[in-house]
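Q: Supplied structure: final-v3.txt, compact mmCIF, C-alpha atoms.
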# COMPACT_ATOMS: atom_id res chain seq x y z
CA MET A 1 -26.89 6.03 -2.72
CA THR A 2 -24.21 4.91 -0.27
CA GLU A 3 -20.72 4.35 -1.64
CA ALA A 4 -18.48 1.56 -0.41
CA LEU A 5 -16.40 2.34 2.68
CA VAL A 6 -13.15 0.32 2.80
CA LEU A 7 -11.12 0.17 6.02
CA GLN A 8 -7.42 -0.54 6.55
CA SER A 9 -5.47 -0.43 9.80
CA ASP A 10 -2.78 -2.00 11.96
CA PHE A 11 -5.32 -2.66 14.72
CA GLY A 12 -5.83 -6.39 14.19
CA VAL A 13 -9.18 -7.91 15.14
CA SER A 14 -8.40 -9.31 18.59
CA ASP A 15 -10.04 -6.40 20.42
CA GLY A 16 -12.87 -3.92 19.82
CA ALA A 17 -11.04 -1.22 17.83
CA VAL A 18 -12.21 -2.22 14.35
CA SER A 19 -15.72 -2.97 15.59
CA ALA A 20 -15.87 0.51 17.14
CA MET A 21 -15.04 2.00 13.73
CA TYR A 22 -17.86 -0.05 12.22
CA GLY A 23 -20.17 1.20 14.96
CA VAL A 24 -19.37 4.85 14.28
CA ALA A 25 -19.98 4.35 10.57
CA HIS A 26 -23.32 2.62 11.21
CA SER A 27 -24.35 5.43 13.56
CA ILE A 28 -23.96 7.80 10.61
CA ASN A 29 -25.80 5.55 8.18
CA PRO A 30 -27.36 2.20 9.19
CA ASN A 31 -27.27 1.08 5.54
CA ILE A 32 -23.62 1.83 4.97
CA ARG A 33 -21.61 -0.83 3.11
CA ILE A 34 -18.30 -1.49 4.89
CA PHE A 35 -15.48 -3.68 3.61
CA ASP A 36 -12.07 -4.53 5.08
CA LEU A 37 -8.94 -4.11 3.02
CA THR A 38 -6.84 -5.50 5.88
CA HIS A 39 -6.31 -4.90 9.59
CA ASP A 40 -3.12 -6.96 9.66
CA ILE A 41 -0.66 -4.24 8.70
CA PRO A 42 2.31 -4.70 11.09
CA PRO A 43 2.08 -2.13 13.91
CA PHE A 44 3.33 1.34 12.84
CA HIS A 45 4.36 0.05 9.37
CA ILE A 46 3.41 3.01 7.17
CA TRP A 47 5.29 1.58 4.17
CA GLU A 48 3.11 -1.53 4.02
CA ALA A 49 -0.06 0.53 4.47
CA SER A 50 0.99 2.68 1.52
CA TYR A 51 1.69 -0.37 -0.64
CA ARG A 52 -1.60 -2.12 0.18
CA LEU A 53 -3.46 0.99 -0.98
CA VAL A 54 -1.81 1.07 -4.41
CA GLN A 55 -2.37 -2.70 -4.66
CA THR A 56 -6.10 -2.27 -4.01
CA VAL A 57 -7.50 1.19 -4.76
CA PRO A 58 -7.38 1.00 -8.60
CA TYR A 59 -9.70 -2.02 -8.61
CA TRP A 60 -12.56 -0.31 -6.76
CA THR A 61 -15.29 1.78 -8.33
CA GLU A 62 -15.61 5.53 -8.55
CA GLN A 63 -16.63 7.25 -5.29
CA THR A 64 -15.33 4.44 -3.07
CA VAL A 65 -14.01 5.86 0.21
CA PHE A 66 -10.92 4.32 1.82
CA VAL A 67 -9.95 4.91 5.43
CA SER A 68 -6.34 3.92 6.19
CA VAL A 69 -5.20 4.21 9.79
CA VAL A 70 -1.58 3.33 10.52
CA ASP A 71 -0.81 6.26 12.74
CA PRO A 72 2.22 6.18 15.06
CA GLY A 73 1.94 9.98 15.28
CA VAL A 74 -1.66 10.02 16.50
CA GLY A 75 -2.38 13.02 18.71
CA SER A 76 0.67 14.94 17.45
CA ASN A 77 0.73 17.89 15.04
CA ARG A 78 0.71 15.67 11.93
CA LYS A 79 -2.07 16.60 9.52
CA SER A 80 -5.07 14.51 8.56
CA VAL A 81 -5.81 14.47 4.82
CA VAL A 82 -8.35 13.32 2.26
CA ALA A 83 -6.98 12.51 -1.20
CA ARG A 84 -8.97 12.21 -4.42
CA THR A 85 -7.68 9.93 -7.17
CA HIS A 86 -8.04 10.64 -10.86
CA ALA A 87 -10.70 7.89 -10.87
CA ASN A 88 -12.63 9.82 -8.17
CA GLN A 89 -11.99 7.51 -5.25
CA TYR A 90 -11.13 9.01 -1.86
CA VAL A 91 -8.50 8.07 0.73
CA ILE A 92 -8.72 9.42 4.29
CA THR A 93 -5.51 8.98 6.26
CA PRO A 94 -2.88 10.66 8.41
CA ASP A 95 -0.41 12.69 6.36
CA ASN A 96 2.52 10.50 7.34
CA GLY A 97 3.61 8.87 4.07
CA THR A 98 0.65 6.54 3.58
CA LEU A 99 -0.09 8.18 0.22
CA THR A 100 3.45 7.60 -1.14
CA HIS A 101 2.74 4.70 -3.51
CA LEU A 102 -0.49 6.21 -4.84
CA TRP A 103 1.26 9.53 -5.47
CA GLN A 104 4.32 8.00 -7.15
CA ALA A 105 2.05 5.84 -9.33
CA GLY A 106 0.43 9.05 -10.60
CA LEU A 107 -3.00 8.18 -9.21
CA LEU A 108 -3.64 11.23 -7.01
CA ALA A 109 -5.51 14.22 -8.42
CA GLU A 110 -5.74 16.46 -5.36
CA VAL A 111 -5.50 16.43 -1.57
CA ARG A 112 -7.35 18.39 1.09
CA GLU A 113 -6.39 18.86 4.70
CA LEU A 114 -9.08 17.35 6.91
CA ASP A 115 -10.39 19.91 9.36
CA ASP A 116 -10.56 17.57 12.33
CA LYS A 117 -11.87 20.27 14.64
CA THR A 118 -15.06 20.25 12.55
CA HIS A 119 -15.16 16.68 11.27
CA ARG A 120 -15.03 14.62 14.45
CA LEU A 121 -17.30 12.39 16.45
CA PRO A 122 -19.42 14.68 18.67
CA ARG A 123 -18.93 12.44 21.70
CA MET A 124 -15.19 12.10 21.12
CA GLY A 125 -14.41 13.28 24.66
CA GLU A 126 -10.87 14.18 25.69
CA SER A 127 -8.97 11.25 24.15
CA TYR A 128 -6.44 11.96 21.39
CA THR A 129 -5.38 8.36 20.71
CA PHE A 130 -8.18 6.88 18.57
CA HIS A 131 -8.53 9.13 15.55
CA GLY A 132 -9.34 6.04 13.50
CA ARG A 133 -12.68 5.89 15.26
CA ASP A 134 -13.28 9.52 16.17
CA ILE A 135 -12.14 11.31 13.00
CA PHE A 136 -11.31 8.99 10.10
CA ALA A 137 -14.18 6.46 10.31
CA PHE A 138 -16.58 9.29 11.20
CA THR A 139 -15.53 11.38 8.19
CA GLY A 140 -15.33 8.36 5.89
CA ALA A 141 -18.89 7.36 6.72
CA ARG A 142 -20.17 10.88 6.15
CA LEU A 143 -18.32 11.18 2.83
CA SER A 144 -19.45 7.78 1.56
CA SER A 145 -23.04 8.60 2.58
CA HIS A 146 -22.87 11.99 0.83
CA ASP A 147 -23.54 13.85 4.08
CA ILE A 148 -20.52 15.98 3.17
CA THR A 149 -18.68 16.62 -0.08
CA PHE A 150 -14.97 16.32 -0.74
CA GLU A 151 -14.80 20.10 -0.98
CA GLU A 152 -16.25 20.44 2.52
CA VAL A 153 -13.62 18.36 4.33
CA GLY A 154 -11.09 21.18 4.36
CA PRO A 155 -8.75 23.34 2.23
CA LEU A 156 -6.72 22.10 -0.71
CA ILE A 157 -3.02 21.56 -0.09
CA PRO A 158 -0.37 21.28 -2.83
CA LEU A 159 0.33 17.69 -3.81
CA ASP A 160 4.06 18.28 -3.47
CA GLU A 161 3.58 19.16 0.21
CA ILE A 162 2.20 15.81 1.37
CA ALA A 163 4.50 13.61 3.44
CA LEU A 164 6.28 10.96 1.38
CA LEU A 165 8.38 7.97 2.34
CA ASP A 166 11.91 7.57 1.00
CA ARG A 167 11.43 4.98 -1.75
CA THR A 168 14.27 4.01 -4.09
CA PRO A 169 13.14 3.67 -7.73
CA ALA A 170 14.10 0.77 -9.97
CA THR A 171 16.91 1.38 -12.49
CA ARG A 172 18.42 -0.32 -15.54
CA ASP A 173 22.11 -0.72 -16.38
CA GLU A 174 22.60 -2.30 -19.83
CA ASP A 175 21.74 -5.99 -19.34
CA ALA A 176 20.72 -5.73 -15.66
CA VAL A 177 18.01 -4.06 -13.59
CA GLU A 178 18.03 -3.20 -9.92
CA GLY A 179 15.25 -2.44 -7.49
CA ILE A 180 14.16 -3.10 -3.95
CA VAL A 181 12.06 -5.68 -2.13
CA GLU A 182 8.86 -3.68 -2.08
CA ILE A 183 6.60 -6.04 -0.14
CA LEU A 184 6.05 -9.69 0.71
CA ASP A 185 3.11 -11.72 -0.51
CA ILE A 186 2.38 -12.50 3.11
CA ARG A 187 0.54 -15.80 3.03
CA PHE A 188 2.75 -17.49 0.45
CA GLY A 189 6.10 -15.83 1.17
CA ASN A 190 6.73 -14.58 -2.35
CA VAL A 191 9.06 -11.59 -2.70
CA TRP A 192 7.64 -8.67 -4.68
CA THR A 193 10.03 -6.07 -6.08
CA ASN A 194 9.41 -2.58 -7.44
CA ILE A 195 10.94 -3.54 -10.82
CA PRO A 196 8.38 -3.09 -13.62
CA VAL A 197 8.36 -5.80 -16.26
CA GLN A 198 8.84 -3.17 -18.98
CA LEU A 199 12.25 -2.29 -17.52
CA VAL A 200 13.27 -5.94 -17.58
CA ARG A 201 12.29 -6.26 -21.23
CA GLN A 202 14.32 -3.16 -22.03
CA ALA A 203 17.30 -5.06 -20.63
CA GLY A 204 16.62 -7.87 -23.12
CA VAL A 205 15.10 -10.32 -20.64
CA ASP A 206 11.78 -12.08 -21.12
CA ILE A 207 9.81 -15.13 -20.04
CA GLY A 208 11.69 -18.34 -20.81
CA HIS A 209 15.11 -16.86 -20.13
CA HIS A 210 17.39 -17.64 -17.20
CA VAL A 211 18.61 -14.78 -15.03
CA ILE A 212 20.96 -14.24 -12.12
CA ILE A 213 19.08 -12.95 -9.09
CA THR A 214 21.09 -11.24 -6.35
CA ILE A 215 19.42 -10.04 -3.15
CA SER A 216 21.43 -7.95 -0.72
CA PHE A 217 20.75 -6.32 2.62
CA ARG A 218 22.81 -3.18 3.26
CA GLU A 219 25.39 -4.28 0.68
CA ARG A 220 25.67 -7.81 2.14
CA THR A 221 24.63 -10.52 -0.32
CA VAL A 222 22.06 -12.84 1.23
CA TYR A 223 21.00 -14.72 -1.93
CA GLU A 224 22.46 -15.25 -5.39
CA GLN A 225 21.23 -17.90 -7.79
CA THR A 226 20.40 -18.50 -11.44
CA LEU A 227 16.64 -18.82 -11.82
CA SER A 228 14.17 -19.43 -14.59
CA PHE A 229 11.93 -16.51 -15.63
CA GLY A 230 8.58 -18.27 -15.84
CA ARG A 231 4.93 -17.46 -16.35
CA SER A 232 3.89 -19.05 -13.07
CA PHE A 233 5.12 -21.18 -10.19
CA ALA A 234 4.40 -24.46 -11.94
CA ASP A 235 7.06 -23.69 -14.55
CA VAL A 236 9.65 -25.10 -12.11
CA PRO A 237 9.71 -28.20 -9.88
CA VAL A 238 8.23 -28.06 -6.40
CA GLY A 239 10.71 -26.39 -4.05
CA SER A 240 12.59 -24.60 -6.83
CA GLY A 241 12.89 -20.86 -7.24
CA VAL A 242 11.29 -18.93 -10.08
CA VAL A 243 11.12 -15.32 -11.25
CA TYR A 244 7.67 -14.26 -12.45
CA ILE A 245 5.47 -11.22 -13.13
CA ASN A 246 3.16 -10.48 -10.21
CA SER A 247 -0.38 -9.14 -10.33
CA LEU A 248 0.87 -5.54 -10.50
CA ASP A 249 3.10 -6.26 -13.52
CA GLN A 250 6.27 -6.14 -11.44
CA ILE A 251 9.00 -8.71 -10.98
CA ALA A 252 8.61 -11.18 -8.11
CA ILE A 253 10.51 -14.21 -6.82
CA ALA A 254 9.00 -17.37 -5.37
CA LEU A 255 9.60 -20.96 -4.38
CA ASN A 256 7.08 -23.29 -5.97
CA GLN A 257 4.87 -24.38 -3.03
CA GLY A 258 7.26 -22.84 -0.52
CA SER A 259 8.02 -19.52 1.15
CA PHE A 260 10.97 -17.75 -0.45
CA ALA A 261 10.89 -15.00 2.19
CA HIS A 262 11.01 -17.49 5.06
CA ALA A 263 13.63 -19.72 3.46
CA PHE A 264 16.08 -16.86 2.98
CA ASP A 265 14.91 -14.50 5.74
CA ILE A 266 14.02 -11.66 3.37
CA GLY A 267 12.68 -8.28 4.55
CA ILE A 268 11.30 -5.22 2.78
CA GLY A 269 12.30 -1.63 2.12
CA ASN A 270 15.17 0.38 0.66
CA ASP A 271 17.83 -1.65 2.49
CA TRP A 272 16.81 -4.77 0.54
CA LYS A 273 18.23 -4.55 -2.98
CA VAL A 274 17.34 -6.94 -5.82
CA ARG A 275 19.45 -7.22 -8.98
CA LEU A 276 18.30 -9.17 -12.03
CA GLN A 277 20.94 -9.79 -14.67
CA GLN A 278 20.66 -11.39 -18.08
CA ILE A 279 22.81 -14.46 -18.68
Please express what this file holds, its structure, as structure tokens.

A:
Amino acid sequence: MTEALVLQSDFGVSDGAVSAMYGVAHSINPNIRIFDLTHDIPPFHIWEASYRLVQTVPYWTEQTVFVSVVDPGVGSNRKSVVARTHANQYVITPDNGTLTHLWQAGLLAEVRELDDKTHRLPRMGESYTFHGRDIFAFTGARLSSHDITFEEVGPLIPLDEIALLDRTPATRDEDAVEGIVEILDIRFGNVWTNIPVQLVRQAGVDIGHHVIITISFRERTVYEQTLSFGRSFADVPVGSGVVYINSLDQIAIALNQGSFAHAFDIGIGNDWKVRLQQI
């Protein structure tokens, strides 16, 4: 039985990097089943890689192996790790913060340091700049093909020792909640926050209400409007803004048939604050 192998990177598909990872995996097992999460992570953007994992991993089956390679520290002394989720999926990645969202969502059961002196492509040569091919895809293929076990990849390390990104949690203050712009729904330009819908309901706000949305960048207000809290985009006229619950049960903001992020030049991360206040 070969488990699914799911690849994520910031490599893009305009050259041979991703195909080389496929080739290594097929050299381990010609029948391996490989899927792409995405290879369009912006270069070096560990935050987005971390988010795309928590957006995706819970919906795959037990024993699925994920390889996530967004690795600005490749060739340095940063560790390589293999994480096991409570649902017995595996994530192979540099220990550079890529596991942040999975860890903070409570999905990680244990992590092992990948012994990359043992688990590496035999013909790796002297290059230290393509661990995605030479170590991560190689190990992922062997793990998904059951050539090695999770216990064999290397020693356990304490969960509280893995590298984590600085990520500001959402908070509630009486009739308002505040969070950050967590990610953008890339194709459609919707703005996804880290504010869980439960926190909004604790503030007395629910679908059908109107709310004041304030978005600020480093304390400078870039957007402030009263919007409808709808079930979907069609609850408002074309071109109008709407607050809704996204597919991860968190608060998001959109323009019906438009790009909210493009219209108001919105970015992501801790510097981008979102406040939702009951009227």

Q: Show me as a PDB file with C-alpha atoms, keeping the file's coordinate frame the residues that reach within 12 Å of (14.9, -21.5, 2.4), counting only C-alpha atoms and using the file's own coordinates.

A:
ATOM      1  CA  GLY A 189       6.100 -15.830   1.170  1.00  0.00           C
ATOM      2  CA  ASN A 190       6.730 -14.580  -2.350  1.00  0.00           C
ATOM      3  CA  VAL A 222      22.060 -12.840   1.230  1.00  0.00           C
ATOM      4  CA  TYR A 223      21.000 -14.720  -1.930  1.00  0.00           C
ATOM      5  CA  GLY A 239      10.710 -26.390  -4.050  1.00  0.00           C
ATOM      6  CA  SER A 240      12.590 -24.600  -6.830  1.00  0.00           C
ATOM      7  CA  GLY A 241      12.890 -20.860  -7.240  1.00  0.00           C
ATOM      8  CA  ALA A 254       9.000 -17.370  -5.370  1.00  0.00           C
ATOM      9  CA  LEU A 255       9.600 -20.960  -4.380  1.00  0.00           C
ATOM     10  CA  ASN A 256       7.080 -23.290  -5.970  1.00  0.00           C
ATOM     11  CA  GLN A 257       4.870 -24.380  -3.030  1.00  0.00           C
ATOM     12  CA  GLY A 258       7.260 -22.840  -0.520  1.00  0.00           C
ATOM     13  CA  SER A 259       8.020 -19.520   1.150  1.00  0.00           C
ATOM     14  CA  PHE A 260      10.970 -17.750  -0.450  1.00  0.00           C
ATOM     15  CA  ALA A 261      10.890 -15.000   2.190  1.00  0.00           C
ATOM     16  CA  HIS A 262      11.010 -17.490   5.060  1.00  0.00           C
ATOM     17  CA  ALA A 263      13.630 -19.720   3.460  1.00  0.00           C
ATOM     18  CA  PHE A 264      16.080 -16.860   2.980  1.00  0.00           C
ATOM     19  CA  ASP A 265      14.910 -14.500   5.740  1.00  0.00           C
ATOM     20  CA  ILE A 266      14.020 -11.660   3.370  1.00  0.00           C
TER      21      ILE A 266
END

Q: Do you have the atom CA of Ala17 of chain A-atom CA of Pro58 of chain A distance handy?

A: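 According to the coordinates, atom CA of Ala17 of chain A and atom CA of Pro58 of chain A are separated by 26.8 Å.
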
Q: Output, as AutoDock Vina command-line options, the centre and edge lengths in Å (one decimal) of the axis-aligned box that contains all listed atoms of segment 232-246 of chain A with 8 Å of margin on each side.

A:
--center_x 8.0 --center_y -19.3 --center_z -9.3 --size_x 25.7 --size_y 33.7 --size_z 26.5

Q: For each of A:Pro158, A:Pro122, A:Gly16, A:Pro30, take the minimum atom-to-atom distance to Val81 of chain A, counting all atoms listed in the file, then give the residue where this is smallest.

A: A:Pro158

Q: Can you work out which one of A:Leu184, A:Ile279, A:Leu102, A:Val274 has the shortest atom-to-atom distance to Leu164 of chain A, counting only C-alpha atoms?

A: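 Distance minimum relative to Leu164 of chain A lands on A:Leu102.
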
Q: Figure out the distance between atom CA of Leu248 of chain A and atom CA of Ala83 of chain A, please, to one decimal in Å.

A: 21.8 Å

Q: Counting only C-alpha atoms, I want the residues whose atoms come within 12 Å of (-0.6, 2.6, -12.2) in the file frame, returned as a list in words.

A: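 I get Leu53, Val54, Gln55, Thr56, Val57, Pro58, Tyr59, Thr85, His86, Ala87, His101, Leu102, Trp103, Gln104, Ala105, Gly106, Leu107, Leu108, Pro196, Ser247, Leu248, Asp249 and Gln250 of chain A for the residues within 12 Å of that point.
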
Q: When you draw a straight line from atom CA of Glu174 of chain A to atom CA of Gln278 of chain A, how long is it in Å?

A: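 So the answer is 9.5 Å.
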
Q: Name the residues in contact with Pro42 of chain A at a cut-off of 10 Å, using all atoms listed in the file, excluding same-chain residues fewer than 2 positions from it; report them as a list in words.

A: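 The residues satisfying every condition are Ser9, Asp10, Phe11, Gly12, His39, Asp40, Phe44, His45, Ile46, Trp47, Glu48, Ala49 and Val70 of chain A.
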
Q: Hey, which of A:Leu276, A:Ile212, A:Ile157, A:Ala137 ends up closest to Val197 of chain A? Count only C-alpha atoms.

A: A:Leu276

Q: Within 10 Å of Pro169 of chain A, counting all atoms listed in the file, which residues show up once you throw out same-chain ones fewer than 3 positions away? Write them as a PyMOL selection string, please.

A: chain A and resi 104+166+178-180+194-195+270

Q: Which residue gives the smallest distance to Gly267 of chain A among A:Gly97, A:Thr64, A:Val181, A:Val205, with all atoms listed in the file counted?

A: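 Nearest candidate to Gly267 of chain A out of A:Gly97, A:Thr64, A:Val181, A:Val205: A:Val181.
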